[in-house]
>>> print(open('query11.cif').read())   # mmCIF, C-alpha atoms
data_target
loop_
_atom_site.group_PDB
_atom_site.id
_atom_site.type_symbol
_atom_site.label_atom_id
_atom_site.label_comp_id
_atom_site.auth_asym_id
_atom_site.auth_seq_id
_atom_site.Cartn_x
_atom_site.Cartn_y
_atom_site.Cartn_z
ATOM 1 C CA MET B 1 -68.805 128.583 11.513
ATOM 2 C CA ALA B 2 -71.288 126.228 13.183
ATOM 3 C CA ALA B 3 -74.982 126.604 12.412
ATOM 4 C CA THR B 4 -77.272 128.264 14.945
ATOM 5 C CA THR B 5 -79.263 125.689 16.929
ATOM 6 C CA ILE B 6 -82.903 126.143 17.869
ATOM 7 C CA LYS B 7 -81.810 126.395 21.511
ATOM 8 C CA ASP B 8 -79.359 129.190 20.689
ATOM 9 C CA ALA B 9 -81.916 130.956 18.501
ATOM 10 C CA LEU B 10 -84.486 130.912 21.304
ATOM 11 C CA ALA B 11 -81.893 132.267 23.739
ATOM 12 C CA LYS B 12 -81.176 135.098 21.319
ATOM 13 C CA TRP B 13 -84.902 135.739 20.885
ATOM 14 C CA SER B 14 -85.284 135.916 24.676
ATOM 15 C CA ASP B 15 -82.407 138.401 24.988
ATOM 16 C CA GLU B 16 -83.992 140.602 22.327
ATOM 17 C CA ASN B 17 -87.396 140.476 24.022
ATOM 18 C CA ASP B 18 -86.595 141.567 27.585
ATOM 19 C CA LYS B 19 -85.708 138.054 28.715
ATOM 20 C CA ALA B 20 -89.170 136.766 27.820
ATOM 21 C CA ASP B 21 -89.812 133.065 28.314
ATOM 22 C CA PRO B 22 -90.351 131.530 24.847
ATOM 23 C CA THR B 23 -92.343 128.645 26.332
ATOM 24 C CA LYS B 24 -94.989 131.174 27.390
ATOM 25 C CA SER B 25 -95.013 133.305 24.236
ATOM 26 C CA THR B 26 -97.656 133.140 21.514
ATOM 27 C CA SER B 27 -95.335 134.568 18.825
ATOM 28 C CA ILE B 28 -91.751 133.474 18.112
ATOM 29 C CA GLU B 29 -89.643 134.899 15.277
ATOM 30 C CA LEU B 30 -86.377 133.097 14.486
ATOM 31 C CA GLN B 31 -85.846 134.323 10.933
ATOM 32 C CA PHE B 32 -82.566 135.687 9.509
ATOM 33 C CA MET B 33 -80.341 133.880 12.004
ATOM 34 C CA LEU B 34 -76.584 134.320 11.515
ATOM 35 C CA PRO B 35 -75.183 131.797 11.102
ATOM 36 C CA PRO B 36 -78.413 130.272 9.728
ATOM 37 C CA ILE B 37 -80.425 127.557 11.426
ATOM 38 C CA GLU B 38 -79.888 124.282 9.564
ATOM 39 C CA LYS B 39 -81.935 121.876 11.675
ATOM 40 C CA MET B 40 -85.293 122.050 13.411
ATOM 41 C CA ASP B 41 -85.344 119.855 16.525
ATOM 42 C CA ASN B 42 -87.453 118.824 19.509
ATOM 43 C CA THR B 43 -86.606 122.035 21.363
ATOM 44 C CA LEU B 44 -89.494 123.503 19.363
ATOM 45 C CA SER B 45 -91.894 121.171 21.167
ATOM 46 C CA THR B 46 -91.409 123.261 24.324
ATOM 47 C CA LEU B 47 -93.226 126.166 22.643
ATOM 48 C CA VAL B 48 -96.601 124.965 23.842
ATOM 49 C CA LYS B 49 -98.253 128.408 23.780
ATOM 50 C CA CYS B 50 -96.902 129.464 20.391
ATOM 51 C CA GLU B 51 -99.502 130.402 17.757
ATOM 52 C CA PHE B 52 -97.128 132.057 15.269
ATOM 53 C CA LEU B 53 -93.660 130.693 14.434
ATOM 54 C CA SER B 54 -91.267 132.100 11.844
ATOM 55 C CA LEU B 55 -88.175 130.208 10.768
ATOM 56 C CA SER B 56 -87.898 131.849 7.361
ATOM 57 C CA THR B 57 -84.647 132.811 5.672
ATOM 58 C CA ASN B 58 -82.444 130.151 7.209
ATOM 59 C CA ASN B 59 -80.948 126.983 5.695
ATOM 60 C CA ILE B 60 -83.418 124.327 6.865
ATOM 61 C CA GLU B 61 -83.817 121.212 4.711
ATOM 62 C CA GLN B 62 -86.252 119.130 6.773
ATOM 63 C CA ILE B 63 -89.266 119.945 8.953
ATOM 64 C CA THR B 64 -89.057 118.283 12.370
ATOM 65 C CA GLY B 65 -89.694 118.923 16.061
ATOM 66 C CA LEU B 66 -93.249 120.284 15.937
ATOM 67 C CA GLN B 67 -94.742 117.691 18.284
ATOM 68 C CA GLY B 68 -96.165 119.461 21.308
ATOM 69 C CA MET B 69 -96.890 122.732 19.483
ATOM 70 C CA LYS B 70 -100.592 122.197 20.073
ATOM 71 C CA CYS B 71 -101.525 125.879 19.610
ATOM 72 C CA LEU B 72 -99.667 126.598 16.367
ATOM 73 C CA LYS B 73 -101.842 128.426 13.810
ATOM 74 C CA ILE B 74 -99.309 130.133 11.528
ATOM 75 C CA ILE B 75 -95.870 128.956 10.451
ATOM 76 C CA SER B 76 -93.458 130.675 8.070
ATOM 77 C CA LEU B 77 -90.729 128.516 6.556
ATOM 78 C CA ALA B 78 -90.087 130.627 3.468
ATOM 79 C CA ARG B 79 -86.638 130.955 1.923
ATOM 80 C CA ASN B 80 -85.066 127.752 3.176
ATOM 81 C CA SER B 81 -84.046 124.539 1.373
ATOM 82 C CA ILE B 82 -87.061 122.394 2.284
ATOM 83 C CA LYS B 83 -87.819 119.561 -0.150
ATOM 84 C CA ASN B 84 -91.161 118.180 1.113
ATOM 85 C CA LEU B 85 -93.965 118.715 3.617
ATOM 86 C CA ASN B 86 -93.059 115.772 5.847
ATOM 87 C CA GLY B 87 -92.903 116.764 9.510
ATOM 88 C CA LEU B 88 -95.791 119.220 9.476
ATOM 89 C CA GLN B 89 -98.406 116.603 10.350
ATOM 90 C CA PRO B 90 -98.200 117.079 14.159
ATOM 91 C CA VAL B 91 -99.819 120.536 13.736
ATOM 92 C CA ALA B 92 -102.371 119.492 11.110
ATOM 93 C CA LYS B 93 -105.383 120.056 13.373
ATOM 94 C CA THR B 94 -104.509 123.642 14.350
ATOM 95 C CA LEU B 95 -102.573 125.084 11.405
ATOM 96 C CA GLU B 96 -104.449 127.820 9.529
ATOM 97 C CA GLN B 97 -101.662 129.458 7.507
ATOM 98 C CA LEU B 98 -98.606 127.870 5.896
ATOM 99 C CA TRP B 99 -96.013 130.204 4.362
ATOM 100 C CA ILE B 100 -93.424 128.068 2.562
ATOM 101 C CA SER B 101 -92.432 129.938 -0.620
ATOM 102 C CA TYR B 102 -88.917 129.912 -2.076
ATOM 103 C CA ASN B 103 -88.036 126.325 -1.226
ATOM 104 C CA ASP B 104 -87.407 123.157 -3.279
ATOM 105 C CA ILE B 105 -90.740 121.375 -2.836
ATOM 106 C CA GLU B 106 -91.879 119.239 -5.768
ATOM 107 C CA LYS B 107 -94.780 117.306 -4.238
ATOM 108 C CA THR B 108 -97.719 118.259 -2.021
ATOM 109 C CA LYS B 109 -98.213 114.775 -0.585
ATOM 110 C CA GLY B 110 -99.657 114.997 2.925
ATOM 111 C CA ILE B 111 -101.204 118.455 2.500
ATOM 112 C CA GLU B 112 -104.715 116.984 2.493
ATOM 113 C CA VAL B 113 -104.672 116.413 6.267
ATOM 114 C CA PHE B 114 -104.563 120.181 6.944
ATOM 115 C CA GLN B 115 -108.306 120.643 6.951
ATOM 116 C CA ASN B 116 -108.206 123.964 8.847
ATOM 117 C CA LEU B 117 -105.764 125.577 6.420
ATOM 118 C CA THR B 118 -107.183 128.833 5.026
ATOM 119 C CA LEU B 119 -104.008 130.297 3.490
ATOM 120 C CA LEU B 120 -101.170 128.601 1.629
ATOM 121 C CA SER B 121 -98.202 130.510 0.229
ATOM 122 C CA MET B 122 -96.125 128.109 -1.856
ATOM 123 C CA GLN B 123 -94.702 130.360 -4.552
ATOM 124 C CA PHE B 124 -91.374 129.633 -6.244
ATOM 125 C CA ASN B 125 -91.035 125.962 -5.470
ATOM 126 C CA MET B 126 -90.548 123.026 -7.865
ATOM 127 C CA VAL B 127 -94.083 121.677 -8.396
ATOM 128 C CA LYS B 128 -94.339 120.415 -11.975
ATOM 129 C CA ASP B 129 -97.272 117.959 -11.998
ATOM 130 C CA TRP B 130 -100.898 119.059 -12.010
ATOM 131 C CA ALA B 131 -101.779 116.111 -9.782
ATOM 132 C CA GLU B 132 -99.781 117.776 -7.018
ATOM 133 C CA PHE B 133 -101.661 121.053 -7.480
ATOM 134 C CA ASN B 134 -105.028 119.324 -7.733
ATOM 135 C CA ARG B 135 -104.475 117.804 -4.286
ATOM 136 C CA LEU B 136 -105.032 121.282 -2.830
ATOM 137 C CA SER B 137 -108.700 121.063 -3.805
ATOM 138 C CA GLN B 138 -109.143 118.696 -0.845
ATOM 139 C CA LEU B 139 -108.495 121.611 1.532
ATOM 140 C CA THR B 140 -112.117 122.662 1.941
ATOM 141 C CA LYS B 141 -111.311 125.787 4.023
ATOM 142 C CA LEU B 142 -108.558 127.048 1.720
ATOM 143 C CA THR B 143 -109.520 130.536 0.487
ATOM 144 C CA ASP B 144 -106.183 132.282 -0.146
ATOM 145 C CA LEU B 145 -103.448 130.771 -2.301
ATOM 146 C CA TYR B 146 -100.073 131.970 -3.611
ATOM 147 C CA PHE B 147 -98.552 129.505 -6.089
ATOM 148 C CA MET B 148 -96.834 131.481 -8.874
ATOM 149 C CA GLY B 149 -93.272 130.587 -9.792
ATOM 150 C CA ASN B 150 -93.725 126.820 -9.849
ATOM 151 C CA ILE B 151 -92.858 124.807 -12.948
ATOM 152 C CA ILE B 152 -96.527 124.102 -13.762
ATOM 153 C CA ASN B 153 -97.328 127.771 -14.318
ATOM 154 C CA GLU B 154 -94.005 129.428 -15.162
ATOM 155 C CA GLU B 155 -94.922 129.833 -18.853
ATOM 156 C CA MET B 156 -98.583 130.767 -18.334
ATOM 157 C CA GLU B 157 -99.963 134.273 -18.699
ATOM 158 C CA GLU B 158 -101.223 135.643 -15.408
ATOM 159 C CA LEU B 159 -104.911 135.715 -16.367
ATOM 160 C CA ASP B 160 -104.745 132.174 -17.768
ATOM 161 C CA TRP B 161 -103.183 131.012 -14.538
ATOM 162 C CA LEU B 162 -105.818 132.718 -12.404
ATOM 163 C CA LYS B 163 -108.610 131.133 -14.424
ATOM 164 C CA THR B 164 -106.992 127.686 -14.330
ATOM 165 C CA GLY B 165 -106.195 127.810 -10.625
ATOM 166 C CA LYS B 166 -109.691 128.962 -9.742
ATOM 167 C CA LYS B 167 -111.271 126.229 -11.867
ATOM 168 C CA LYS B 168 -109.218 123.525 -10.190
ATOM 169 C CA ILE B 169 -109.744 124.905 -6.661
ATOM 170 C CA PRO B 170 -113.206 126.501 -6.773
ATOM 171 C CA GLN B 171 -113.331 127.394 -3.061
ATOM 172 C CA LEU B 172 -110.603 130.031 -3.516
ATOM 173 C CA GLU B 173 -111.460 133.664 -2.841
ATOM 174 C CA THR B 174 -108.040 135.082 -3.705
ATOM 175 C CA LEU B 175 -105.261 133.696 -5.910
ATOM 176 C CA GLU B 176 -101.884 135.461 -5.958
ATOM 177 C CA GLY B 177 -103.577 138.269 -4.038
ATOM 178 C CA HIS B 178 -106.246 138.785 -6.730
ATOM 179 C CA PHE B 179 -109.950 138.482 -6.017
ATOM 180 C CA VAL B 180 -111.335 135.343 -7.736
ATOM 181 C CA MET B 181 -114.497 134.709 -5.748
ATOM 182 C CA GLY B 182 -117.450 133.393 -7.758
ATOM 183 C CA SER B 183 -117.085 133.805 -11.510
ATOM 184 C CA GLN B 184 -115.284 137.145 -11.232
ATOM 185 C CA ILE B 185 -111.532 137.631 -11.496
ATOM 186 C CA HIS B 186 -110.143 141.050 -10.603
ATOM 187 C CA ILE B 187 -106.486 141.709 -11.357
ATOM 188 C CA ASP B 188 -105.274 144.322 -8.907
ATOM 189 C CA GLN B 189 -101.801 145.642 -8.249
ATOM 190 C CA PRO B 190 -99.709 142.548 -7.320
ATOM 191 C CA GLU B 191 -98.528 142.297 -3.752
ATOM 192 C CA ASP B 192 -94.774 142.544 -3.355
ATOM 193 C CA ASP B 193 -92.736 139.849 -1.633
ATOM 194 C CA GLU B 194 -92.615 141.735 1.649
ATOM 195 C CA LYS B 195 -96.410 141.618 1.850
ATOM 196 C CA ALA B 196 -96.612 138.031 0.630
ATOM 197 C CA GLU B 197 -94.665 136.511 3.520
ATOM 198 C CA PRO B 198 -95.042 137.288 7.242
ATOM 199 C CA ALA B 199 -92.032 138.232 9.333
ATOM 200 C CA GLU B 200 -89.295 137.488 6.809
#
>>> encode(input="query11.cif", output="structure tokens")
Amino acid sequence: MAATTIKDALAKWSDENDKADPTKSTSIELQFMLPPIEKMDNTLSTLVKCEFLSLSTNNIEQITGLQGMKCLKIISLARNSIKNLNGLQPVAKTLEQLWISYNDIEKTKGIEVFQNLTLLSMQFNMVKDWAEFNRLSQLTKLTDLYFMGNIINEEMEELDWLKTGKKKIPQLETLEGHFVMGSQIHIDQPEDDEKAEPAE
């Protein structure tokens, strides 16, 4: 069975939303497509009003087609097969939240250009080098981070990880959903996966 294209996914979204015009919508949810979306393409660039885009739980390997999405603030790409952050740069000036857990990302190269990013969810990827994690400290507005399940912390106790992550990225206010502002670390009830990703 052929993969669902972005064009077909948008047509389905329109049918499910009273024939709404996706080019005029501020929120587009294309998650859980059957058959899954495999490729992002330039059709996405027509979504010039979109502030929230979800493409989670598909089979996407590469980020493309975001040119023209000049209003995009939140993107969810969780539960795909994405291997790097290439292709996100066209929305670097506007993006405030990046939800990209459960992928195959090993390196954070390019993340430093997202200077308006306040939240990054990158749990359960393949990051194994501290240099890749340390690059996040360049995101001066980053206050909320989810990063458990990567190779660098898979054998660490939770409290040790919270202390280490906070030390390396001192501007954080929450880490894995726990309050880490200032010198205090409060371990609360962990957030479940449904709360940790938008519109999955």
>>> residues_around(input="query11.cif", residues="B:Asp41", least_positions_apart="2", cutoff="9 Å", atoms="only C-alpha atoms", output="list of chain:residue names")
B:Thr5, B:Ile6, B:Lys7, B:Lys39, B:Thr43, B:Leu44, B:Ser45, B:Ile63, B:Thr64, B:Gly65, B:Leu66
>>> resolve_selection(input="query11.cif", expression="the PyMOL selection byres ((chain B and resi 170) around 10)", output="list in words")
Ser137, Thr140, Leu142, Thr143, Thr164, Gly165, Lys166, Lys167, Lys168, Ile169, Gln171, Leu172, Glu173, Val180, Met181, Gly182 and Ser183 of chain B
>>> residues_around(input="query11.cif", residues="B:Met148", least_positions_apart="6", cutoff="10 Å", atoms="all atoms listed in the file", output="list in words")
Ser101, Ser121, Met122, Gln123, Phe124, Asn125, Glu154, Met156, Glu158, Trp161, Leu162, Leu175 and Glu176 of chain B
>>> resolve_selection(input="query11.cif", expression="the PyMOL selection byres ((chain B and resi 27) around 9)", output="list in words")
Pro22, Ser25, Thr26, Ile28, Glu29, Lys49, Cys50, Glu51, Phe52, Leu53 and Ser54 of chain B
>>> resolve_selection(input="query11.cif", expression="the PyMOL selection byres ((chain B and resi 11) around 12)", output="list in words")
Thr4, Thr5, Ile6, Lys7, Asp8, Ala9, Leu10, Lys12, Trp13, Ser14, Asp15, Glu16, Asn17, Asp18, Lys19, Ala20, Asp21, Pro22, Thr23, Ile28, Glu29, Leu30, Met33 and Thr43 of chain B
>>> closest_residue(input="query11.cif", among="B:Gln62, B:Asn116, B:Gln67, B:Gln31", to="B:Val48", atoms="only C-alpha atoms")
B:Gln67
>>> atom_distance(input="query11.cif", atom1="atom CA of B:Leu47", atom2="atom CA of B:Lys24")
7.1 Å
>>> residues_around(input="query11.cif", residues="stretch 85-93 of chain B", least_positions_apart="6", cutoff="10 Å", atoms="all atoms listed in the file", output="PDB file with C-alpha atoms, in the coordinates of the input")
ATOM      1  CA  GLN B  62     -86.252 119.130   6.773  1.00  0.00           C
ATOM      2  CA  ILE B  63     -89.266 119.945   8.953  1.00  0.00           C
ATOM      3  CA  THR B  64     -89.057 118.283  12.370  1.00  0.00           C
ATOM      4  CA  GLY B  65     -89.694 118.923  16.061  1.00  0.00           C
ATOM      5  CA  LEU B  66     -93.249 120.284  15.937  1.00  0.00           C
ATOM      6  CA  GLN B  67     -94.742 117.691  18.284  1.00  0.00           C
ATOM      7  CA  GLY B  68     -96.165 119.461  21.308  1.00  0.00           C
ATOM      8  CA  MET B  69     -96.890 122.732  19.483  1.00  0.00           C
ATOM      9  CA  LYS B  70    -100.592 122.197  20.073  1.00  0.00           C
ATOM     10  CA  CYS B  71    -101.525 125.879  19.610  1.00  0.00           C
ATOM     11  CA  LEU B  72     -99.667 126.598  16.367  1.00  0.00           C
ATOM     12  CA  LYS B  73    -101.842 128.426  13.810  1.00  0.00           C
ATOM     13  CA  ILE B  74     -99.309 130.133  11.528  1.00  0.00           C
ATOM     14  CA  ILE B  75     -95.870 128.956  10.451  1.00  0.00           C
ATOM     15  CA  ILE B 100     -93.424 128.068   2.562  1.00  0.00           C
ATOM     16  CA  ILE B 105     -90.740 121.375  -2.836  1.00  0.00           C
ATOM     17  CA  GLU B 106     -91.879 119.239  -5.768  1.00  0.00           C
ATOM     18  CA  LYS B 107     -94.780 117.306  -4.238  1.00  0.00           C
ATOM     19  CA  THR B 108     -97.719 118.259  -2.021  1.00  0.00           C
ATOM     20  CA  LYS B 109     -98.213 114.775  -0.585  1.00  0.00           C
ATOM     21  CA  GLY B 110     -99.657 114.997   2.925  1.00  0.00           C
ATOM     22  CA  ILE B 111    -101.204 118.455   2.500  1.00  0.00           C
ATOM     23  CA  GLU B 112    -104.715 116.984   2.493  1.00  0.00           C
ATOM     24  CA  VAL B 113    -104.672 116.413   6.267  1.00  0.00           C
ATOM     25  CA  PHE B 114    -104.563 120.181   6.944  1.00  0.00           C
ATOM     26  CA  GLN B 115    -108.306 120.643   6.951  1.00  0.00           C
ATOM     27  CA  ASN B 116    -108.206 123.964   8.847  1.00  0.00           C
ATOM     28  CA  LEU B 117    -105.764 125.577   6.420  1.00  0.00           C
TER      29      LEU B 117
END
>>> residues_around(input="query11.cif", residues="B:Pro35", least_positions_apart="3", cutoff="8 Å", atoms="all atoms listed in the file", output="list in words")
Met1, Ala2, Ala3 and Thr4 of chain B
>>> atom_distance(input="query11.cif", atom1="atom CA of B:Trp130", atom2="atom CA of B:Ser76")
24.4 Å
>>> atom_distance(input="query11.cif", atom1="atom CA of B:Glu157", atom2="atom CA of B:Gln138")
25.4 Å
>>> residues_around(input="query11.cif", residues="B:Asn59", least_positions_apart="4", cutoff="8 Å", atoms="only C-alpha atoms", output="PyMOL selection string")
chain B and resi 36-39+79-81
>>> axis_aligned_box(input="query11.cif", around="stretch 81-89 of chain B", padding_each_side="3 Å", output="JSON")
{"center_x": -91.2, "center_y": 120.2, "center_z": 5.1, "size_x": 20.4, "size_y": 14.8, "size_z": 16.5}
>>> closest_residue(input="query11.cif", among="B:Glu132, B:Asp160, B:Asp144, B:Glu61", to="B:Trp99", atoms="all atoms listed in the file")
B:Asp144
>>> closest_residue(input="query11.cif", among="B:Leu119, B:Tyr102, B:Ile82, B:Met40", to="B:Lys141", atoms="only C-alpha atoms")
B:Leu119
